[in-house]
>>> print(open('my_file15.csv').read())   # CSV, C-alpha atoms
chain,number,residue,atom,x,y,z
A,7,MET,CA,30.8,-1.9,67.6
A,8,SER,CA,33.8,-4.2,67.1
A,9,SER,CA,36.3,-3.7,64.3
A,10,THR,CA,35.2,-7.1,62.9
A,11,GLY,CA,31.6,-5.9,62.7
A,12,THR,CA,32.7,-2.7,61.1
A,13,ASP,CA,34.8,-4.5,58.5
A,14,GLN,CA,31.9,-6.8,57.8
A,15,ASN,CA,29.6,-3.9,57.1
A,16,GLU,CA,32.2,-2.3,54.9
A,17,ILE,CA,32.6,-5.5,53.0
A,18,THR,CA,28.9,-5.8,52.5
A,19,GLN,CA,28.7,-2.2,51.2
A,20,LEU,CA,31.6,-2.7,48.8
A,21,LEU,CA,30.1,-5.9,47.3
A,22,ALA,CA,26.7,-4.1,47.0
A,23,ILE,CA,28.4,-1.2,45.1
A,24,SER,CA,29.9,-3.7,42.7
A,25,ASP,CA,26.5,-5.3,42.0
A,26,VAL,CA,25.0,-1.9,41.4
A,27,LEU,CA,27.8,-0.9,39.0
A,28,PHE,CA,27.3,-4.1,37.0
A,29,ALA,CA,23.6,-3.7,37.0
A,30,TYR,CA,23.3,-0.1,35.9
A,31,VAL,CA,26.6,0.9,34.3
A,32,GLY,CA,26.8,-2.6,32.7
A,33,LEU,CA,23.3,-2.3,31.3
A,34,THR,CA,24.1,1.1,29.9
A,35,ILE,CA,27.3,-0.2,28.2
A,36,MET,CA,25.3,-3.3,27.0
A,37,LEU,CA,22.5,-1.2,25.4
A,38,LEU,CA,24.8,1.4,23.8
A,39,GLY,CA,27.2,-1.2,22.6
A,40,THR,CA,24.6,-3.4,21.1
A,41,PHE,CA,23.0,-0.5,19.3
A,42,GLY,CA,26.4,0.7,18.0
A,43,ASN,CA,27.7,-2.6,17.0
A,44,THR,CA,24.5,-3.4,15.1
A,45,ILE,CA,24.7,-0.1,13.2
A,46,ASP,CA,28.4,-0.8,12.5
A,47,VAL,CA,27.7,-4.2,11.0
A,48,ILE,CA,24.8,-2.9,8.9
A,49,SER,CA,26.9,0.0,7.7
A,50,PHE,CA,29.9,-2.0,6.7
A,51,ALA,CA,27.8,-4.7,5.1
A,52,ARG,CA,25.6,-2.4,3.0
A,53,LEU,CA,28.1,0.2,1.9
A,54,GLU,CA,29.5,-1.1,-1.4
A,55,SER,CA,32.6,1.2,-1.4
A,56,LEU,CA,33.7,-0.2,2.0
A,57,LYS,CA,33.5,-3.7,0.7
A,58,THR,CA,36.6,-3.0,-1.4
A,59,LEU,CA,38.8,-2.2,1.6
A,60,ALA,CA,40.5,-4.9,3.6
A,61,SER,CA,40.6,-2.7,6.7
A,62,ALA,CA,36.8,-2.2,6.5
A,63,LEU,CA,36.3,-6.0,6.4
A,64,PHE,CA,38.5,-6.3,9.5
A,65,LEU,CA,36.4,-3.6,11.2
A,66,LEU,CA,33.2,-5.5,10.3
A,67,ALA,CA,34.6,-8.7,11.8
A,68,SER,CA,35.7,-6.8,14.9
A,69,ALA,CA,32.3,-5.3,15.4
A,70,ILE,CA,30.7,-8.8,15.2
A,71,ALA,CA,33.2,-10.2,17.7
A,72,SER,CA,32.7,-7.2,20.0
A,73,GLN,CA,29.0,-7.9,20.1
A,74,CYS,CA,29.8,-11.5,21.1
A,75,VAL,CA,31.9,-10.2,23.9
A,76,LEU,CA,29.0,-8.1,25.2
A,77,SER,CA,26.4,-10.8,24.7
A,78,PHE,CA,28.4,-13.7,26.3
A,79,GLY,CA,30.5,-11.7,28.7
A,80,LEU,CA,28.6,-8.7,30.0
A,81,LEU,CA,25.0,-9.8,29.8
A,82,THR,CA,25.2,-12.4,32.6
A,83,ARG,CA,27.1,-9.9,34.8
A,84,VAL,CA,24.2,-7.4,34.3
A,85,ILE,CA,21.7,-10.0,35.2
A,86,GLY,CA,23.7,-10.9,38.3
A,87,GLY,CA,23.9,-7.3,39.3
A,88,PHE,CA,20.1,-7.0,39.3
A,89,SER,CA,19.2,-10.4,40.7
A,90,GLY,CA,22.1,-10.9,43.0
A,91,ILE,CA,23.0,-14.3,41.4
A,92,ASP,CA,25.1,-14.6,38.3
A,93,PRO,CA,23.5,-17.1,35.9
A,94,LEU,CA,27.0,-18.6,35.4
A,95,TYR,CA,26.9,-19.9,39.0
A,96,THR,CA,23.8,-22.0,38.3
A,97,SER,CA,25.1,-23.9,35.2
A,98,VAL,CA,28.4,-25.5,34.6
A,99,VAL,CA,27.8,-25.6,30.9
A,100,LEU,CA,27.0,-21.9,30.8
A,101,CYS,CA,30.1,-21.2,32.8
A,102,LYS,CA,32.3,-23.0,30.3
A,103,ILE,CA,30.6,-21.5,27.2
A,104,ARG,CA,30.8,-18.0,28.6
A,105,TRP,CA,34.5,-18.0,29.4
A,106,MET,CA,35.5,-19.8,26.1
A,107,VAL,CA,33.3,-17.7,23.7
A,108,ARG,CA,33.7,-14.4,25.5
A,109,THR,CA,37.5,-14.6,25.8
A,110,ALA,CA,37.9,-15.9,22.2
A,111,SER,CA,35.6,-13.2,20.9
A,112,GLY,CA,37.6,-10.5,22.6
A,113,ALA,CA,40.8,-11.8,21.2
A,114,VAL,CA,39.3,-12.0,17.7
A,115,SER,CA,38.0,-8.4,17.9
A,116,LEU,CA,41.4,-7.0,18.9
A,117,THR,CA,43.2,-9.2,16.4
A,118,CYS,CA,41.1,-7.8,13.6
A,119,ILE,CA,41.8,-4.2,14.8
A,120,CYS,CA,45.5,-5.1,14.7
A,121,PHE,CA,45.1,-6.4,11.1
A,122,ALA,CA,43.3,-3.2,10.2
A,123,ALA,CA,46.1,-1.1,11.7
A,124,ILE,CA,48.7,-3.0,9.8
A,125,ASP,CA,46.7,-2.6,6.6
A,126,ARG,CA,46.4,1.2,7.0
A,127,TYR,CA,50.1,1.3,7.7
A,128,LEU,CA,50.9,-0.5,4.5
A,129,PHE,CA,48.6,1.7,2.6
A,130,SER,CA,50.3,4.8,4.0
A,131,CYS,CA,53.8,3.7,2.9
A,132,HIS,CA,55.5,5.2,-0.1
A,133,GLU,CA,56.4,1.8,-1.6
A,134,ILE,CA,53.7,1.0,-4.1
A,135,HIS,CA,54.1,-2.8,-3.8
A,136,ARG,CA,53.0,-2.7,-0.2
A,137,TYR,CA,49.5,-1.6,-1.1
A,138,HIS,CA,48.5,-5.1,-2.3
A,139,LEU,CA,50.1,-7.1,0.5
A,140,ILE,CA,46.7,-7.4,2.2
A,141,THR,CA,44.0,-8.2,-0.4
A,142,MET,CA,40.3,-8.9,0.3
A,143,LYS,CA,41.0,-12.6,-0.1
A,144,ARG,CA,43.9,-12.6,2.3
A,145,ALA,CA,41.8,-10.5,4.7
A,146,ARG,CA,39.0,-13.1,4.7
A,147,TRP,CA,41.6,-15.9,5.3
A,148,ALA,CA,43.2,-13.9,8.1
A,149,ILE,CA,39.8,-13.4,9.8
A,150,LEU,CA,38.9,-17.1,9.5
A,151,ILE,CA,42.3,-18.3,10.7
A,152,SER,CA,42.2,-15.9,13.7
A,153,ILE,CA,38.7,-17.2,14.7
A,154,PHE,CA,39.7,-20.9,14.5
A,155,PHE,CA,43.0,-20.2,16.2
A,156,TRP,CA,41.5,-18.3,19.2
A,157,LEU,CA,38.7,-20.8,19.6
A,158,SER,CA,41.2,-23.6,19.7
A,159,VAL,CA,43.4,-21.8,22.2
A,160,PHE,CA,40.5,-21.0,24.5
A,161,SER,CA,38.8,-24.4,24.2
A,162,SER,CA,41.0,-25.1,27.2
A,163,TYR,CA,38.8,-22.7,29.2
A,164,ALA,CA,35.8,-24.9,28.5
A,165,ILE,CA,37.8,-27.7,30.1
A,166,PHE,CA,39.3,-26.0,33.1
A,167,TYR,CA,36.5,-23.6,34.1
A,168,THR,CA,34.0,-25.3,36.4
A,169,SER,CA,32.0,-25.0,39.6
A,170,PRO,CA,34.2,-26.5,42.3
A,171,THR,CA,31.7,-25.2,45.0
A,172,PRO,CA,28.0,-24.2,44.7
A,173,LEU,CA,27.4,-20.8,43.1
A,174,SER,CA,30.9,-20.5,41.7
A,175,CYS,CA,32.5,-20.4,38.2
A,176,THR,CA,36.3,-20.5,38.3
A,177,ILE,CA,39.4,-22.4,37.3
A,178,ALA,CA,39.9,-25.2,39.8
A,179,ASN,CA,43.3,-26.3,38.6
A,180,PRO,CA,45.9,-24.0,40.4
A,181,VAL,CA,48.6,-24.5,37.7
A,182,PHE,CA,46.3,-23.6,34.9
A,183,ALA,CA,44.9,-20.6,36.9
A,184,TYR,CA,48.4,-19.3,37.3
A,185,PHE,CA,49.1,-19.8,33.6
A,186,ALA,CA,45.8,-18.2,32.5
A,187,SER,CA,46.4,-15.0,34.5
A,188,TYR,CA,49.7,-14.4,32.7
A,189,PHE,CA,48.4,-15.4,29.3
A,190,ASN,CA,45.4,-13.1,29.6
A,191,LEU,CA,47.7,-10.2,30.5
A,192,PHE,CA,49.8,-11.0,27.4
A,193,HIS,CA,47.1,-11.7,24.7
A,194,TYR,CA,44.5,-9.2,25.8
A,195,SER,CA,46.6,-6.3,26.9
A,196,ILE,CA,50.3,-6.2,26.1
A,197,LEU,CA,50.3,-7.8,22.7
A,198,PRO,CA,47.3,-6.0,21.0
A,199,LEU,CA,48.0,-2.6,22.6
A,200,SER,CA,51.6,-2.8,21.5
A,201,VAL,CA,50.7,-3.7,17.9
A,202,ILE,CA,47.9,-1.2,17.6
A,203,SER,CA,49.9,1.7,19.1
A,204,THR,CA,53.0,0.9,17.1
A,205,PHE,CA,51.3,0.8,13.7
A,206,SER,CA,49.0,3.7,14.5
A,207,ILE,CA,52.1,5.8,15.2
A,208,LEU,CA,53.8,4.6,12.1
A,209,THR,CA,50.8,5.4,10.0
A,210,TRP,CA,50.5,8.8,11.5
A,211,HIS,CA,54.2,9.3,10.7
A,212,ASN,CA,53.8,8.3,7.1
A,213,LEU,CA,50.8,10.5,6.6
A,214,GLY,CA,52.8,13.4,8.0
A,215,GLN,CA,55.3,12.9,5.2
A,216,GLN,CA,52.7,12.8,2.5
A,217,PRO,CA,51.4,16.3,1.8
A,218,ALA,CA,48.3,15.2,-0.1
A,219,THR,CA,46.5,12.0,-0.9
A,220,TYR,CA,43.4,12.3,-3.1
A,221,LEU,CA,40.6,10.3,-4.5
A,222,ARG,CA,40.1,11.8,-7.9
A,223,GLY,CA,36.4,12.5,-8.5
A,224,GLY,CA,35.2,10.8,-5.4
A,225,ILE,CA,35.1,10.8,-1.6
A,226,ARG,CA,38.4,10.5,0.3
A,227,LEU,CA,37.4,7.1,1.5
A,228,HIS,CA,40.8,5.7,2.4
A,229,ASP,CA,41.6,8.9,4.4
A,230,GLN,CA,38.2,8.5,6.2
A,231,VAL,CA,38.8,4.9,7.1
A,232,THR,CA,42.4,5.7,8.3
A,233,ARG,CA,41.1,8.4,10.5
A,234,MET,CA,38.4,6.1,11.9
A,235,LEU,CA,40.9,3.5,12.7
A,236,ILE,CA,43.5,5.8,14.3
A,237,GLU,CA,40.8,7.3,16.6
A,238,GLN,CA,39.5,3.9,17.4
A,239,SER,CA,43.0,2.8,18.3
A,240,ILE,CA,43.3,5.8,20.7
A,241,GLY,CA,39.9,4.8,22.3
A,242,ILE,CA,41.1,1.2,22.7
A,243,LEU,CA,44.3,2.3,24.4
A,244,ILE,CA,42.4,4.6,26.8
A,245,THR,CA,39.8,2.0,27.8
A,246,SER,CA,42.2,-0.9,27.9
A,247,PHE,CA,45.0,0.7,29.8
A,248,PRO,CA,43.3,0.6,33.3
A,249,ASN,CA,42.5,-3.1,32.9
A,250,MET,CA,46.1,-3.8,31.8
A,251,ILE,CA,47.5,-2.1,34.9
A,252,TRP,CA,45.0,-4.0,37.1
A,253,GLN,CA,45.9,-7.3,35.5
A,254,ILE,CA,49.6,-6.6,36.2
A,255,TYR,CA,48.8,-5.9,39.8
A,256,THR,CA,46.7,-9.0,40.1
A,257,VAL,CA,49.4,-11.2,38.6
A,258,SER,CA,52.1,-9.7,40.8
A,259,THR,CA,50.0,-10.2,44.0
A,260,ASN,CA,48.6,-13.7,43.3
A,261,SER,CA,50.5,-15.3,46.1
A,262,ALA,CA,49.9,-12.6,48.7
A,263,ILE,CA,47.7,-13.3,51.7
A,264,LYS,CA,44.8,-10.8,51.7
A,265,SER,CA,42.1,-10.1,54.2
A,266,ALA,CA,38.4,-10.3,53.4
A,267,LEU,CA,38.2,-6.5,53.4
A,268,GLN,CA,41.1,-6.1,51.1
A,269,LEU,CA,39.5,-8.7,48.7
A,270,ALA,CA,36.3,-6.7,48.7
A,271,LYS,CA,38.1,-3.5,47.9
A,272,GLU,CA,40.0,-5.2,45.1
A,273,ASN,CA,36.7,-6.7,43.8
A,274,LEU,CA,35.3,-3.2,43.5
A,275,ILE,CA,38.4,-1.9,41.6
A,276,ASN,CA,38.2,-5.0,39.4
A,277,THR,CA,34.5,-4.3,38.7
A,278,ILE,CA,35.4,-0.7,37.5
A,279,CYS,CA,38.3,-2.0,35.4
A,280,VAL,CA,36.2,-4.8,33.9
A,281,LEU,CA,33.4,-2.4,32.9
A,282,THR,CA,36.0,0.0,31.4
A,283,GLY,CA,37.3,-3.0,29.4
A,284,PHE,CA,33.9,-3.9,28.2
A,285,SER,CA,33.4,-0.3,27.0
A,286,THR,CA,36.2,-1.0,24.5
A,287,HIS,CA,33.7,-3.2,22.6
A,288,ALA,CA,30.9,-0.7,22.9
A,289,ILE,CA,32.3,2.7,21.8
A,290,THR,CA,33.5,2.0,18.3
A,291,PHE,CA,30.3,3.2,16.6
A,292,TYR,CA,30.4,6.5,18.5
A,293,ILE,CA,34.1,7.0,17.6
A,294,TYR,CA,33.4,6.4,14.0
A,295,LEU,CA,30.6,9.1,14.1
A,296,LEU,CA,33.1,11.6,15.5
A,297,ALA,CA,35.9,10.6,13.2
A,298,SER,CA,34.3,10.3,9.8
A,299,SER,CA,31.9,12.7,8.1
A,300,THR,CA,31.3,10.0,5.4
A,301,PHE,CA,30.3,7.5,8.1
A,302,ARG,CA,27.9,10.0,9.7
A,303,LYS,CA,26.3,10.7,6.3
A,304,ASN,CA,25.8,7.0,5.6
A,305,VAL,CA,24.3,6.4,9.0
A,306,GLN,CA,21.9,9.3,8.5
A,307,GLU,CA,20.9,8.0,5.1
A,308,MET,CA,20.3,4.6,6.6
A,309,PHE,CA,18.0,5.9,9.4
A,310,LEU,CA,16.1,8.0,6.9
A,311,SER,CA,15.4,4.9,4.9
A,312,ARG,CA,17.3,6.2,1.9
A,313,ARG,CA,19.4,4.0,-0.3
A,314,ILE,CA,23.1,4.2,0.4
A,315,THR,CA,24.7,5.3,-2.8
A,316,PRO,CA,27.8,3.3,-3.5
A,317,SER,CA,30.9,5.3,-4.3
A,318,ARG,CA,31.9,4.8,-7.9
A,319,ASN,CA,35.2,3.2,-8.6
A,320,VAL,CA,37.7,6.1,-8.7
A,321,ASP,CA,41.4,6.4,-9.3
A,322,LEU,CA,43.5,6.9,-6.3
A,323,VAL,CA,46.3,9.3,-6.9
A,324,GLN,CA,49.0,10.1,-4.4
A,325,ILE,CA,50.8,13.5,-5.0
A,326,THR,CA,54.0,13.9,-3.2
A,327,ILE,CA,55.7,17.3,-3.3
A,328,THR,CA,59.5,16.9,-3.6
A,329,LYS,CA,60.5,20.5,-4.2
A,330,PRO,CA,58.5,23.8,-4.1
A,331,ASP,CA,58.2,23.8,-7.9
A,332,GLN,CA,58.1,20.1,-8.5
A,333,ARG,CA,55.7,17.3,-7.6
A,334,GLU,CA,55.6,13.6,-8.3
A,335,THR,CA,52.3,11.9,-9.1
A,336,VAL,CA,51.8,8.2,-8.6
A,337,ARG,CA,48.7,6.3,-9.6
A,338,ILE,CA,47.8,3.8,-7.0
A,339,PRO,CA,46.1,0.8,-8.5
>>> encode(input="my_file15.csv", output="structure tokens")
Amino acid sequence: MSSTGTDQNEITQLLAISDVLFAYVGLTIMLLGTFGNTIDVISFARLESLKTLASALFLLASAIASQCVLSFGLLTRVIGGFSGIDPLYTSVVLCKIRWMVRTASGAVSLTCICFAAIDRYLFSCHEIHRYHLITMKRARWAILISIFFWLSVFSSYAIFYTSPTPLSCTIANPVFAYFASYFNLFHYSILPLSVISTFSILTWHNLGQQPATYLRGGIRLHDQVTRMLIEQSIGILITSFPNMIWQIYTVSTNSAIKSALQLAKENLINTICVLTGFSTHAITFYIYLLASSTFRKNVQEMFLSRRITPSRNVDLVQITITKPDQRETVRIP
């Protein structure tokens, strides 16, 4: 058998593996993510005590945006994996909507996580005046502004994504395609990962300098939400890092001439990285279950059809020990 025939067989096998991964792994991520995001939305919407926390509002918005990512971004790839034809390739309108909504939703989701990380950092600071820098009203405005901003930015995708050839959905303009590759690397990987990791480390540092933070007479709600967010940030870093490395490789080799076999190999690697990236928007519920006993209890009560009892308004008191025989007590409004 000639080397050309061997290469063609290998290319066919690599493409088939990619389809199988999108079909079965993608479907698993889709089902688990949809279930988890739905429970997240219901939990954050029903639990009265979480409605008083700006970071909880950010997490609620992030869960909704994450589900949009799965619905508009992953679902068509799963269908394509089973049928062999991605629905995007059969409709120019669907192609444009998918890339605009999916990309904007991913940006909104990560932006809200960044906002939540900043809010938890401000709450962990010693300076009392920082606690009220992000109010519920400001949080709502921040979410709305981020939605309109990213939809405006990625409306360009609805313009430039098209079907230049049958059964295709891509950017036909080479200049915009070059710009989009760099911009996607910046807005979806470098920027959010830098913000999330930086403020998570700062929050962890601040908490290490505070011997005790209590909710007098109630659940340690702020501590629970902070723990949930820090562990979610770690999950985002783990699942997003491979995709970031792959985007860097893709951008740096854009102009290189590659064989069909090399392209097939890269397509398989891209499939793995893309699925790992989609898992970022599917694992938050399960991270919350592991991170927070309060969240687990509320989910259990919800499934048992019991009414979720709101936490009563309690006084938050921070006790900072300055010397072995002295302590300073500060009431946090």
>>> atom_distance(input="my_file15.csv", atom1="atom CA of Gly241 of chain A", atom2="atom CA of Ser285 of chain A")
9.5 Å
>>> residues_around(input="my_file15.csv", residues="Leu295 of chain A", least_positions_apart="6", cutoff="9 Å", atoms="all atoms listed in the file", output="list in words")
Met234, Phe301, Arg302 and Val305 of chain A
>>> closest_residue(input="my_file15.csv", among="A:Ile165, A:Leu21, A:Ala71, A:Ala51", to="Gly39 of chain A", atoms="all atoms listed in the file")
A:Ala71
>>> closest_residue(input="my_file15.csv", among="A:Ser111, A:Thr209, A:Ser200, A:Ser265", to="Thr232 of chain A", atoms="all atoms listed in the file")
A:Thr209
>>> residues_around(input="my_file15.csv", residues="Asp25 of chain A", least_positions_apart="2", cutoff="8 Å", atoms="all atoms listed in the file", output="PyMOL selection string")
chain A and resi 21-23+27-29+86-88+90
>>> residues_around(input="my_file15.csv", residues="Val257 of chain A", least_positions_apart="6", cutoff="9 Å", atoms="only C-alpha atoms", output="VMD selection string")
chain A and resid 184 187 to 188 191
>>> closest_residue(input="my_file15.csv", among="A:Leu235, A:Ile91, A:Ile263, A:Ile151", to="Ala123 of chain A", atoms="only C-alpha atoms")
A:Leu235
>>> closest_residue(input="my_file15.csv", among="A:Asn260, A:Thr141, A:Thr109, A:Thr40", to="Ala60 of chain A", atoms="all atoms listed in the file")
A:Thr141
>>> closest_residue(input="my_file15.csv", among="A:Arg136, A:Arg108, A:Arg83, A:Arg52", to="Leu157 of chain A", atoms="all atoms listed in the file")
A:Arg108
>>> atom_distance(input="my_file15.csv", atom1="atom CA of His132 of chain A", atom2="atom CA of Leu208 of chain A")
12.3 Å
>>> residues_near_point(input="my_file15.csv", point="(37.9, -6.1, 11.1)", cutoff="12 Å", atoms="all atoms listed in the file", output="PyMOL selection string")
chain A and resi 46-47+50-51+56-57+59-72+113-126+142+145-150+152-153+231+235+238+290
>>> atom_distance(input="my_file15.csv", atom1="atom CA of Val107 of chain A", atom2="atom CA of Phe154 of chain A")
11.7 Å
>>> residues_around(input="my_file15.csv", residues="Cys279 of chain A", least_positions_apart="6", cutoff="10 Å", atoms="all atoms listed in the file", output="PyMOL selection string")
chain A and resi 245-253+273+285
>>> residues_around(input="my_file15.csv", residues="segment 95-105 of chain A", least_positions_apart="5", cutoff="7 Å", atoms="only C-alpha atoms", output="ChimeraX atom specification")
/A:78-79,163-164,167-169,173-175
>>> residues_near_point(input="my_file15.csv", point="(47.9, -1.5, 23.9)", cutoff="9 Å", atoms="only C-alpha atoms", output="PyMOL selection string")
chain A and resi 194-204+239+242-244+246-247+250
>>> write_last_selection(input="my_file15.csv", atoms="C-alpha atoms", output="PDB file, keeping the file's coordinate frame")
ATOM      1  CA  TYR A 194      44.500  -9.200  25.800  1.00  0.00           C
ATOM      2  CA  SER A 195      46.600  -6.300  26.900  1.00  0.00           C
ATOM      3  CA  ILE A 196      50.300  -6.200  26.100  1.00  0.00           C
ATOM      4  CA  LEU A 197      50.300  -7.800  22.700  1.00  0.00           C
ATOM      5  CA  PRO A 198      47.300  -6.000  21.000  1.00  0.00           C
ATOM      6  CA  LEU A 199      48.000  -2.600  22.600  1.00  0.00           C
ATOM      7  CA  SER A 200      51.600  -2.800  21.500  1.00  0.00           C
ATOM      8  CA  VAL A 201      50.700  -3.700  17.900  1.00  0.00           C
ATOM      9  CA  ILE A 202      47.900  -1.200  17.600  1.00  0.00           C
ATOM     10  CA  SER A 203      49.900   1.700  19.100  1.00  0.00           C
ATOM     11  CA  THR A 204      53.000   0.900  17.100  1.00  0.00           C
ATOM     12  CA  SER A 239      43.000   2.800  18.300  1.00  0.00           C
ATOM     13  CA  ILE A 242      41.100   1.200  22.700  1.00  0.00           C
ATOM     14  CA  LEU A 243      44.300   2.300  24.400  1.00  0.00           C
ATOM     15  CA  ILE A 244      42.400   4.600  26.800  1.00  0.00           C
ATOM     16  CA  SER A 246      42.200  -0.900  27.900  1.00  0.00           C
ATOM     17  CA  PHE A 247      45.000   0.700  29.800  1.00  0.00           C
ATOM     18  CA  MET A 250      46.100  -3.800  31.800  1.00  0.00           C
TER      19      MET A 250
END
>>> closest_residue(input="my_file15.csv", among="A:Asp13, A:Ser77, A:Leu274, A:Phe166", to="Pro180 of chain A", atoms="all atoms listed in the file")
A:Phe166
